file model-v5.txt (compact mmCIF, C-alpha atoms)
# COMPACT_ATOMS: atom_id res chain seq x y z
CA MET A 14 157.37 61.74 11.70
CA ALA A 15 159.43 63.65 9.16
CA LYS A 16 158.25 67.01 7.96
CA LYS A 17 155.37 66.77 5.53
CA GLN A 18 156.19 69.35 2.93
CA THR A 19 153.41 68.40 0.54
CA ALA A 20 153.22 71.78 -1.19
CA ASP A 21 156.60 73.17 -0.15
CA GLY A 22 158.49 70.01 -1.10
CA LEU A 23 157.00 69.83 -4.57
CA THR A 24 157.46 73.56 -5.06
CA GLN A 25 161.12 73.25 -4.06
CA LEU A 26 161.61 70.30 -6.38
CA LYS A 27 160.08 72.13 -9.35
CA ALA A 28 162.27 75.17 -8.71
CA GLN A 29 165.38 73.02 -8.42
CA LEU A 30 164.60 71.16 -11.63
CA LYS A 31 164.41 74.53 -13.34
CA SER A 32 167.52 76.05 -11.74
CA GLY A 33 169.73 72.97 -11.63
CA ASP A 34 170.59 73.63 -7.97
CA PHE A 35 169.68 70.26 -6.46
CA ALA A 36 169.45 69.07 -2.87
CA ARG A 37 171.68 66.28 -1.68
CA LEU A 38 168.75 64.32 -0.23
CA TYR A 39 165.16 63.82 -1.35
CA VAL A 40 162.40 61.65 0.08
CA PHE A 41 159.67 60.75 -2.43
CA TYR A 42 156.47 59.19 -1.07
CA GLY A 43 152.70 59.32 -1.40
CA GLU A 44 149.72 57.69 -3.10
CA GLU A 45 150.10 59.11 -6.59
CA ARG A 46 152.69 56.83 -8.12
CA TYR A 47 152.36 58.41 -11.57
CA LEU A 48 153.57 61.79 -10.33
CA LEU A 49 156.30 60.20 -8.24
CA GLU A 50 157.67 58.33 -11.26
CA HIS A 51 157.30 61.44 -13.43
CA TYR A 52 159.37 63.67 -11.17
CA LEU A 53 161.85 60.91 -10.40
CA GLY A 54 162.40 60.57 -14.15
CA LEU A 55 162.88 64.32 -14.55
CA LEU A 56 165.36 64.39 -11.68
CA ARG A 57 167.33 61.49 -13.10
CA LYS A 58 167.44 63.07 -16.55
CA LYS A 59 168.67 66.39 -15.14
CA LEU A 60 171.34 64.78 -12.97
CA LEU A 61 172.56 62.00 -15.25
CA ASP A 62 171.95 63.10 -18.83
CA GLY A 63 175.13 62.03 -20.62
CA PRO A 64 177.07 59.04 -21.99
CA ALA A 65 178.10 57.74 -18.53
CA GLU A 66 174.60 57.64 -17.05
CA ASP A 67 174.74 53.96 -16.12
CA PHE A 68 178.03 54.42 -14.26
CA ASN A 69 176.71 57.29 -12.18
CA TYR A 70 173.33 55.80 -11.27
CA HIS A 71 173.20 53.46 -8.28
CA ARG A 72 169.92 51.81 -7.30
CA PHE A 73 169.13 49.71 -4.24
CA PRO A 74 165.85 47.77 -4.61
CA GLN A 75 163.70 46.98 -1.59
CA GLY A 76 165.47 44.62 0.79
CA ALA A 77 168.84 45.00 -0.95
CA VAL A 78 170.37 47.78 1.15
CA ASP A 79 173.73 47.09 2.75
CA LEU A 80 175.08 50.13 4.58
CA GLN A 81 178.63 49.58 3.42
CA ALA A 82 177.48 49.23 -0.19
CA LEU A 83 175.34 52.35 0.24
CA THR A 84 178.32 54.23 1.62
CA ASP A 85 180.44 53.15 -1.34
CA ALA A 86 177.74 54.28 -3.79
CA VAL A 87 177.33 57.67 -2.12
CA GLU A 88 181.08 58.29 -2.04
CA ALA A 89 181.74 57.05 -5.60
CA VAL A 90 183.02 59.99 -7.66
CA PRO A 91 181.20 60.82 -10.91
CA MET A 92 182.57 59.34 -14.13
CA MET A 93 182.69 61.79 -17.05
CA ALA A 94 179.94 63.83 -15.38
CA GLU A 95 179.36 66.30 -12.58
CA ARG A 96 176.96 64.33 -10.40
CA THR A 97 175.82 60.89 -9.27
CA LEU A 98 172.37 59.68 -8.23
CA VAL A 99 171.70 57.03 -5.58
CA GLN A 100 168.14 55.68 -5.41
CA VAL A 101 167.01 53.59 -2.43
CA ASP A 102 163.60 51.90 -2.70
CA ASP A 103 161.30 51.20 0.25
CA TYR A 104 163.95 51.32 2.99
CA ASP A 105 161.91 50.48 6.09
CA LEU A 106 163.24 52.85 8.74
CA SER A 107 161.04 51.27 11.44
CA LYS A 108 163.02 48.01 11.22
CA LEU A 109 166.44 49.55 11.75
CA GLY A 110 168.33 48.63 14.89
CA GLU A 111 170.51 51.10 16.74
CA ALA A 112 173.58 50.32 14.63
CA GLY A 113 171.54 50.66 11.44
CA ARG A 114 170.10 54.01 12.49
CA GLU A 115 173.52 55.36 13.38
CA GLY A 116 175.01 54.10 10.13
CA LEU A 117 172.24 55.58 7.98
CA THR A 118 172.37 58.86 9.92
CA SER A 119 176.09 59.10 9.27
CA ILE A 120 175.62 58.50 5.53
CA LEU A 121 172.74 60.97 5.10
CA SER A 122 174.47 63.64 7.17
CA ASP A 123 177.60 63.64 5.02
CA ILE A 124 176.46 63.28 1.40
CA PRO A 125 179.15 64.70 -0.96
CA ASP A 126 178.16 67.78 -2.95
CA TYR A 127 178.38 65.80 -6.20
CA CYS A 128 175.86 63.18 -5.05
CA THR A 129 172.07 63.19 -4.71
CA VAL A 130 170.33 60.48 -2.70
CA VAL A 131 166.63 59.75 -3.26
CA LEU A 132 164.70 57.59 -0.81
CA VAL A 133 161.63 56.31 -2.68
CA TYR A 134 158.63 54.88 -0.81
CA ASP A 135 155.93 52.87 -2.53
CA THR A 136 154.92 49.67 -0.70
CA VAL A 137 156.50 50.70 2.61
CA PRO A 138 155.13 53.76 4.46
CA TYR A 139 157.54 56.62 5.04
CA LYS A 140 157.79 57.34 8.73
CA VAL A 141 160.53 57.83 11.28
CA ASP A 142 160.15 57.65 15.03
CA GLY A 143 160.53 61.12 16.54
CA ARG A 144 162.60 59.64 19.35
CA TYR A 145 165.45 59.03 16.92
CA LYS A 146 166.37 62.70 16.78
CA LYS A 147 169.64 62.43 14.86
CA LEU A 148 168.13 60.35 12.06
CA LYS A 149 165.09 62.60 11.95
CA ALA A 150 167.30 65.68 11.72
CA ALA A 151 169.26 64.14 8.84
CA LEU A 152 166.04 63.37 6.97
CA ASP A 153 164.53 66.78 7.71
CA ALA A 154 167.60 68.43 6.20
CA GLY A 155 166.55 67.00 2.84
CA VAL A 156 163.49 67.77 0.73
CA ALA A 157 160.48 65.55 1.46
CA VAL A 158 157.96 65.46 -1.39
CA GLU A 159 154.58 63.81 -0.85
CA PHE A 160 152.79 63.00 -4.10
CA VAL A 161 149.12 63.11 -3.16
CA ARG A 162 146.04 62.15 -5.12
CA GLN A 163 145.06 65.07 -7.32
CA SER A 164 141.82 67.01 -6.89
CA GLN A 165 139.03 66.55 -9.41
CA ARG A 166 139.78 69.96 -10.90
CA GLU A 167 143.44 69.06 -11.40
CA LEU A 168 142.57 65.66 -12.84
CA SER A 169 139.99 67.13 -15.23
CA ALA A 170 142.55 69.59 -16.60
CA TRP A 171 145.09 66.79 -16.99
CA ILE A 172 142.55 64.49 -18.69
CA ARG A 173 141.50 67.19 -21.15
CA LYS A 174 145.13 67.90 -22.00
CA HIS A 175 145.78 64.22 -22.77
CA ALA A 176 142.51 63.87 -24.68
CA MET A 177 143.38 66.89 -26.84
CA ALA A 178 146.79 65.35 -27.56
CA GLY A 179 144.85 62.40 -28.98
CA GLY A 180 142.61 64.66 -31.05
CA LYS A 181 139.57 64.41 -28.76
CA ASP A 182 137.46 66.62 -26.51
CA ILE A 183 135.94 65.60 -23.18
CA SER A 184 133.54 67.49 -20.90
CA ASP A 185 134.03 68.12 -17.18
CA ALA A 186 131.10 65.81 -16.42
CA VAL A 187 132.65 62.92 -18.34
CA CYS A 188 136.05 63.64 -16.76
CA GLU A 189 134.40 63.32 -13.36
CA TYR A 190 132.69 60.07 -14.35
CA LEU A 191 135.96 58.69 -15.74
CA THR A 192 137.85 59.38 -12.51
CA PHE A 193 135.04 57.69 -10.58
CA ARG A 194 135.16 54.57 -12.78
CA THR A 195 138.96 54.32 -12.62
CA GLY A 196 139.50 55.29 -9.00
CA GLY A 197 141.35 58.44 -10.04
CA ALA A 198 144.88 57.01 -10.16
CA MET A 199 146.76 58.81 -12.94
CA THR A 200 148.60 55.69 -14.14
CA THR A 201 145.25 53.98 -14.73
CA LEU A 202 143.77 57.11 -16.26
CA GLU A 203 146.63 57.37 -18.74
CA SER A 204 146.10 53.85 -20.08
CA GLU A 205 142.31 54.22 -20.18
CA LEU A 206 142.60 57.52 -22.06
CA GLN A 207 144.70 55.82 -24.71
CA LYS A 208 141.91 53.28 -25.21
CA LEU A 209 139.21 55.94 -25.19
CA THR A 210 140.87 58.18 -27.77
CA ALA A 211 141.26 55.17 -30.05
CA TYR A 212 137.69 53.96 -29.48
CA ALA A 213 135.62 57.16 -29.58
CA GLN A 214 134.04 57.61 -32.99
CA GLY A 215 133.24 61.29 -32.70
CA ARG A 216 135.31 64.28 -31.75
CA GLU A 217 134.09 64.11 -28.14
CA ILE A 218 134.60 61.27 -25.68
CA THR A 219 131.19 60.50 -24.18
CA ARG A 220 129.96 58.74 -21.06
CA ALA A 221 128.80 55.88 -23.30
CA ASP A 222 132.40 55.52 -24.54
CA VAL A 223 133.61 55.31 -20.94
CA ASP A 224 131.02 52.62 -20.14
CA ALA A 225 132.03 50.66 -23.24
CA VAL A 226 135.80 50.77 -22.74
CA VAL A 227 136.73 51.37 -19.11
CA ILE A 228 136.68 48.45 -16.68
CA PRO A 229 135.45 49.96 -13.40
CA VAL A 230 137.36 49.50 -10.16
CA LEU A 231 135.67 47.47 -7.43
CA ASP A 232 134.42 50.52 -5.52
CA ALA A 233 132.70 51.80 -8.66
CA GLN A 234 131.10 48.42 -9.33
CA VAL A 235 129.86 48.10 -5.77
CA PHE A 236 128.55 51.66 -5.90
CA GLU A 237 126.34 50.52 -8.77
CA ILE A 238 124.91 47.91 -6.39
CA THR A 239 124.18 50.38 -3.61
CA ASP A 240 122.86 52.96 -6.07
CA ALA A 241 120.45 50.36 -7.44
CA ILE A 242 119.41 49.39 -3.90
CA SER A 243 118.70 53.03 -3.03
CA ALA A 244 116.55 53.35 -6.16
CA GLY A 245 114.67 50.14 -5.35
CA HIS A 246 116.16 48.20 -8.28
CA PHE A 247 117.09 45.08 -6.34
CA ASP A 248 117.13 42.73 -9.33
CA GLN A 249 119.76 44.94 -10.94
CA ALA A 250 121.75 45.03 -7.70
CA LEU A 251 121.62 41.24 -7.36
CA THR A 252 122.74 40.77 -10.98
CA THR A 253 125.75 43.04 -10.44
CA LEU A 254 126.63 41.26 -7.21
CA ARG A 255 126.57 37.86 -8.91
CA GLN A 256 128.77 39.20 -11.70
CA LEU A 257 131.34 40.34 -9.14
CA LEU A 258 131.27 36.97 -7.39
CA THR A 259 131.68 35.19 -10.75
CA MET A 260 134.74 37.39 -11.33
CA GLN A 261 136.02 36.04 -7.98
CA GLN A 262 136.08 39.40 -6.25
CA GLU A 263 136.66 39.03 -2.52
CA PRO A 264 133.27 38.94 -0.71
CA ILE A 265 134.69 40.75 2.33
CA LEU A 266 135.83 43.65 0.11
CA ILE A 267 132.42 43.80 -1.58
CA LEU A 268 130.72 43.88 1.81
CA ALA A 269 133.11 46.57 3.07
CA ALA A 270 132.26 48.78 0.10
CA ILE A 271 128.51 48.22 0.55
CA GLY A 272 128.81 49.02 4.26
CA SER A 273 130.80 52.19 3.54
CA GLN A 274 128.11 53.49 1.21
CA MET A 275 125.33 52.69 3.66
CA ARG A 276 127.20 54.68 6.30
CA ARG A 277 127.58 57.55 3.82
CA LEU A 278 123.82 57.46 3.25
CA LEU A 279 123.22 57.62 7.00
CA CYS A 280 125.60 60.59 7.23
CA ALA A 281 123.72 62.24 4.37
CA ARG A 282 120.43 61.80 6.23
CA THR A 283 122.04 63.41 9.28
CA CYS A 284 123.14 66.36 7.17
CA LEU A 285 119.71 66.74 5.64
CA GLY A 286 118.16 66.72 9.10
CA ALA A 287 120.52 69.52 10.11
CA GLY A 288 119.64 71.56 7.02
CA LYS A 289 123.01 70.93 5.34
CA GLY A 290 123.58 69.89 1.74
CA GLU A 291 126.41 68.36 -0.28
CA GLU A 292 129.06 70.66 1.14
CA GLY A 293 128.15 69.69 4.69
CA LEU A 294 128.19 65.99 3.79
CA GLY A 295 131.56 66.40 2.09
CA ASP A 296 133.02 68.04 5.20
CA LEU A 297 131.61 65.33 7.45
CA LEU A 298 132.93 62.46 5.32
CA LYS A 299 136.33 64.10 4.98
CA ALA A 300 136.56 64.53 8.75
CA ALA A 301 135.68 60.85 9.21
CA SER A 302 138.04 59.37 6.62
CA GLY A 303 140.70 62.04 6.15
CA ARG A 304 139.93 62.24 2.44
CA ALA A 305 137.37 64.25 0.51
CA PRO A 306 134.75 62.02 -1.16
CA HIS A 307 134.62 61.83 -4.94
CA PRO A 308 132.22 64.52 -6.24
CA TYR A 309 130.25 61.96 -8.28
CA VAL A 310 129.76 59.77 -5.19
CA LEU A 311 128.91 62.80 -3.07
CA ARG A 312 126.24 64.04 -5.46
CA LYS A 313 124.68 60.61 -6.02
CA THR A 314 124.72 59.83 -2.29
CA MET A 315 122.91 63.05 -1.39
CA ALA A 316 120.33 62.49 -4.14
CA ALA A 317 119.71 58.91 -2.94
CA ALA A 318 119.48 59.98 0.71
CA ARG A 319 116.64 62.35 -0.12
CA GLN A 320 114.57 59.33 -1.19
CA LEU A 321 115.32 57.28 1.94
CA SER A 322 114.34 57.48 5.60
CA ASP A 323 116.54 57.78 8.66
CA GLY A 324 115.17 54.48 9.90
CA TYR A 325 116.02 52.64 6.69
CA CYS A 326 119.61 53.93 6.71
CA ARG A 327 120.12 52.90 10.34
CA ARG A 328 118.71 49.44 9.69
CA ALA A 329 120.83 49.10 6.53
CA VAL A 330 124.02 49.90 8.45
CA ARG A 331 123.04 47.38 11.12
CA ALA A 332 122.36 44.71 8.48
CA CYS A 333 125.82 45.27 6.99
CA MET A 334 127.39 44.91 10.43
CA GLU A 335 125.55 41.62 10.98
CA ALA A 336 126.64 40.33 7.56
CA ASP A 337 130.22 41.30 8.39
CA TRP A 338 130.03 39.33 11.64
CA GLN A 339 128.67 36.30 9.78
CA LEU A 340 131.42 36.41 7.16
CA LYS A 341 134.16 36.64 9.77
CA SER A 342 132.84 34.28 12.42
CA SER A 343 131.11 31.37 10.68
CA ALA A 344 131.48 28.87 7.89
CA ALA A 345 128.59 30.43 5.99
CA ASP A 346 128.83 30.65 2.21
CA PRO A 347 130.12 34.22 1.52
CA GLY A 348 128.18 34.62 -1.70
CA ARG A 349 124.97 33.46 -0.05
CA THR A 350 125.57 35.83 2.87
CA LEU A 351 125.87 38.79 0.47
CA GLU A 352 122.75 37.77 -1.45
CA LEU A 353 120.81 37.50 1.81
CA LEU A 354 122.07 40.96 2.75
CA LEU A 355 120.62 42.40 -0.47
CA LEU A 356 117.33 40.63 0.20
CA THR A 357 117.31 42.07 3.72
CA LEU A 358 117.94 45.55 2.34
CA ARG A 359 115.08 45.04 -0.11
CA GLU A 360 112.68 44.13 2.70
CA GLU A 361 113.90 47.06 4.81
CA GLY A 362 113.30 49.31 1.82
CA ARG A 363 109.71 48.14 1.62
CA ARG A 364 109.29 49.03 5.30
CA GLY A 365 110.42 52.56 4.48
call {"tool": "encode", "arguments": {"input": "model-v5.txt", "output": "structure tokens"}}
result
Amino acid sequence: MAKKQTADGLTQLKAQLKSGDFARLYVFYGEERYLLEHYLGLLRKKLLDGPAEDFNYHRFPQGAVDLQALTDAVEAVPMMAERTLVQVDDYDLSKLGEAGREGLTSILSDIPDYCTVVLVYDTVPYKVDGRYKKLKAALDAGVAVEFVRQSQRELSAWIRKHAMAGGKDISDAVCEYLTFRTGGAMTTLESELQKLTAYAQGREITRADVDAVVIPVLDAQVFEITDAISAGHFDQALTTLRQLLTMQQEPILILAAIGSQMRRLLCARTCLGAGKGEEGLGDLLKAASGRAPHPYVLRKTMAAARQLSDGYCRRAVRACMEADWQLKSSAADPGRTLELLLLTLREEGRRG
């Protein structure tokens, strides 16, 4: 695995964009595509700003990399400029044979000082087998920048900045709710903020505005189902489920999201039994999934868990596992299986 320079890599990149002293090799990867595209655009503008930009920019889309063509692009001298930029998209290093690894290693180890190569990863994961030491060393000599999902605090500041640019205010609570409804991806947030600033009648964007304008991601919609179940509002949960099925959402994905929330509720009950609150639950869920839970989900989950019993949560998790088995191993109607799951959860809720 190449060095993960999440903070260092981005810090280096920012400093180099400011100083103009660029590396010869960058690797851009990570979940937050908005930031990746933003910094890729800044890098391209800094390197290629001028009348001959198109002549000095060489891009290899996914699946279109020929090592000889890549060599030619890297060695091509700048035209009416000081530098060239070579962008390679989703180059799957795990599928390279020995000759391919040696060829790529040779190219990346001898990039001319007038050229910058950027390996961009979006649909293909960025990883290199540690056994291929020469290739790994060539990659490690560059600057690896992982663009991670932003924290709620960072997203709230970013949202407020964009809202203010549109002449609107927005509270931290509504920022949090907006990131929950959208999934927190900045590309989605940007488009939804444009709609919200145009729609909101008052100076401040409200939660009601978000409900009226923003189409929630699947996880947010399913959370409404599990939240209604926890509160004993099974008719509401069933109505939302049927709406999702009418929209042709995949039943297996709906079930996976319901099961995930039921497991979170069971974890919350465990934390409560150990005398721990939201912080303890957050640590536990992060350790299990590798990612901190959304603060809105964390708060709502802990509040719901206080109204439920350990026994109910265990039975709910078991019911989800049984529904999963039915969906994957029989010819049962998926929609009917999910409806029966909600009915089972209702009966288990009555048992307490």
call {"tool": "residues_around", "arguments": {"input": "model-v5.txt", "residues": "Glu45 of chain A", "least_positions_apart": "2", "cutoff": "7 Å", "atoms": "only C-alpha atoms", "output": "ChimeraX atom specification"}}
result
/A:43,47-49,160-162,198
call {"tool": "residues_near_point", "arguments": {"input": "model-v5.txt", "point": "(116.2, 54.2, 7.0)", "cutoff": "10 Å", "atoms": "only C-alpha atoms", "output": "list of chain:residue names"}}
result
A:Met275, A:Leu278, A:Leu279, A:Arg282, A:Ala318, A:Gln320, A:Leu321, A:Ser322, A:Asp323, A:Gly324, A:Tyr325, A:Cys326, A:Arg327, A:Arg328, A:Ala329, A:Val330, A:Leu358, A:Glu361, A:Gly362, A:Arg364, A:Gly365
call {"tool": "write_last_selection", "arguments": {"input": "model-v5.txt", "atoms": "C-alpha atoms", "output": "compact mmCIF listing (two decimals), in the coordinates of the input"}}
result
# COMPACT_ATOMS: atom_id res chain seq x y z
CA MET A 275 125.33 52.69 3.66
CA LEU A 278 123.82 57.46 3.25
CA LEU A 279 123.22 57.62 7.00
CA ARG A 282 120.43 61.80 6.23
CA ALA A 318 119.48 59.98 0.71
CA GLN A 320 114.57 59.33 -1.19
CA LEU A 321 115.32 57.28 1.94
CA SER A 322 114.34 57.48 5.60
CA ASP A 323 116.54 57.78 8.66
CA GLY A 324 115.17 54.48 9.90
CA TYR A 325 116.02 52.64 6.69
CA CYS A 326 119.61 53.93 6.71
CA ARG A 327 120.12 52.90 10.34
CA ARG A 328 118.71 49.44 9.69
CA ALA A 329 120.83 49.10 6.53
CA VAL A 330 124.02 49.90 8.45
CA LEU A 358 117.94 45.55 2.34
CA GLU A 361 113.90 47.06 4.81
CA GLY A 362 113.30 49.31 1.82
CA ARG A 364 109.29 49.03 5.30
CA GLY A 365 110.42 52.56 4.48
call {"tool": "residues_around", "arguments": {"input": "model-v5.txt", "residues": "Val78 of chain A", "least_positions_apart": "4", "cutoff": "12 Å", "atoms": "only C-alpha atoms", "output": "PyMOL selection string"}}
result
chain A and resi 71-74+82-86+99-106+109+113+116-117+132
call {"tool": "atom_distance", "arguments": {"input": "model-v5.txt", "atom1": "atom CA of Ala225 of chain A", "atom2": "atom CA of Pro308 of chain A"}}
result
21.9 Å
call {"tool": "residues_around", "arguments": {"input": "model-v5.txt", "residues": "Leu152 of chain A", "least_positions_apart": "6", "cutoff": "12 Å", "atoms": "only C-alpha atoms", "output": "NGL selection string"}}
result
:A and (14-17 or 36-41 or 106 or 114 or 117-124 or 130-132 or 139-143 or 145-146 or 158)
call {"tool": "atom_distance", "arguments": {"input": "model-v5.txt", "atom1": "atom CA of Thr350 of chain A", "atom2": "atom CA of Arg363 of chain A"}}
result
20.1 Å
call {"tool": "closest_residue", "arguments": {"input": "model-v5.txt", "among": "A:Ser342, A:Gln81, A:Gln75, A:Thr200", "to": "Asp135 of chain A", "atoms": "all atoms listed in the file"}}
result
A:Gln75
call {"tool": "closest_atom_pairs", "arguments": {"input": "model-v5.txt", "of": "segment 280-359 of chain A", "to": "segment 257-272 of chain A", "cutoff": "12 Å", "atoms": "only C-alpha atoms", "output": "CSV"}}
result
residue,atom,partner,partner_atom,distance
A:Cys326,CA,A:Gly272,CA,10.7
A:Arg327,CA,A:Gly272,CA,11.3
A:Arg328,CA,A:Gly272,CA,11.5
A:Ala329,CA,A:Gly272,CA,8.3
A:Val330,CA,A:Gly272,CA,6.4
A:Arg331,CA,A:Gly272,CA,9.1
A:Ala332,CA,A:Gly272,CA,8.8
A:Cys333,CA,A:Gly272,CA,5.5
A:Met334,CA,A:Gly272,CA,7.5
A:Glu335,CA,A:Gly272,CA,10.5
A:Ala336,CA,A:Leu268,CA,7.9
A:Asp337,CA,A:Leu268,CA,7.1
A:Trp338,CA,A:Ile265,CA,10.5
A:Gln339,CA,A:Ile265,CA,10.6
A:Leu340,CA,A:Ile265,CA,7.3
A:Lys341,CA,A:Ile265,CA,8.5
A:Ala345,CA,A:Pro264,CA,11.8
A:Asp346,CA,A:Pro264,CA,9.8
A:Pro347,CA,A:Pro264,CA,6.1
A:Gly348,CA,A:Pro264,CA,6.7
A:Arg349,CA,A:Pro264,CA,10.0
A:Thr350,CA,A:Pro264,CA,9.0
A:Leu351,CA,A:Leu268,CA,7.2
A:Glu352,CA,A:Leu258,CA,10.4
A:Leu353,CA,A:Leu268,CA,11.8
A:Leu354,CA,A:Leu268,CA,9.2
A:Leu355,CA,A:Ile271,CA,9.9
A:Leu358,CA,A:Ile271,CA,11.0
call {"tool": "atom_distance", "arguments": {"input": "model-v5.txt", "atom1": "atom CA of Val227 of chain A", "atom2": "atom CA of Thr136 of chain A"}}
result
25.9 Å
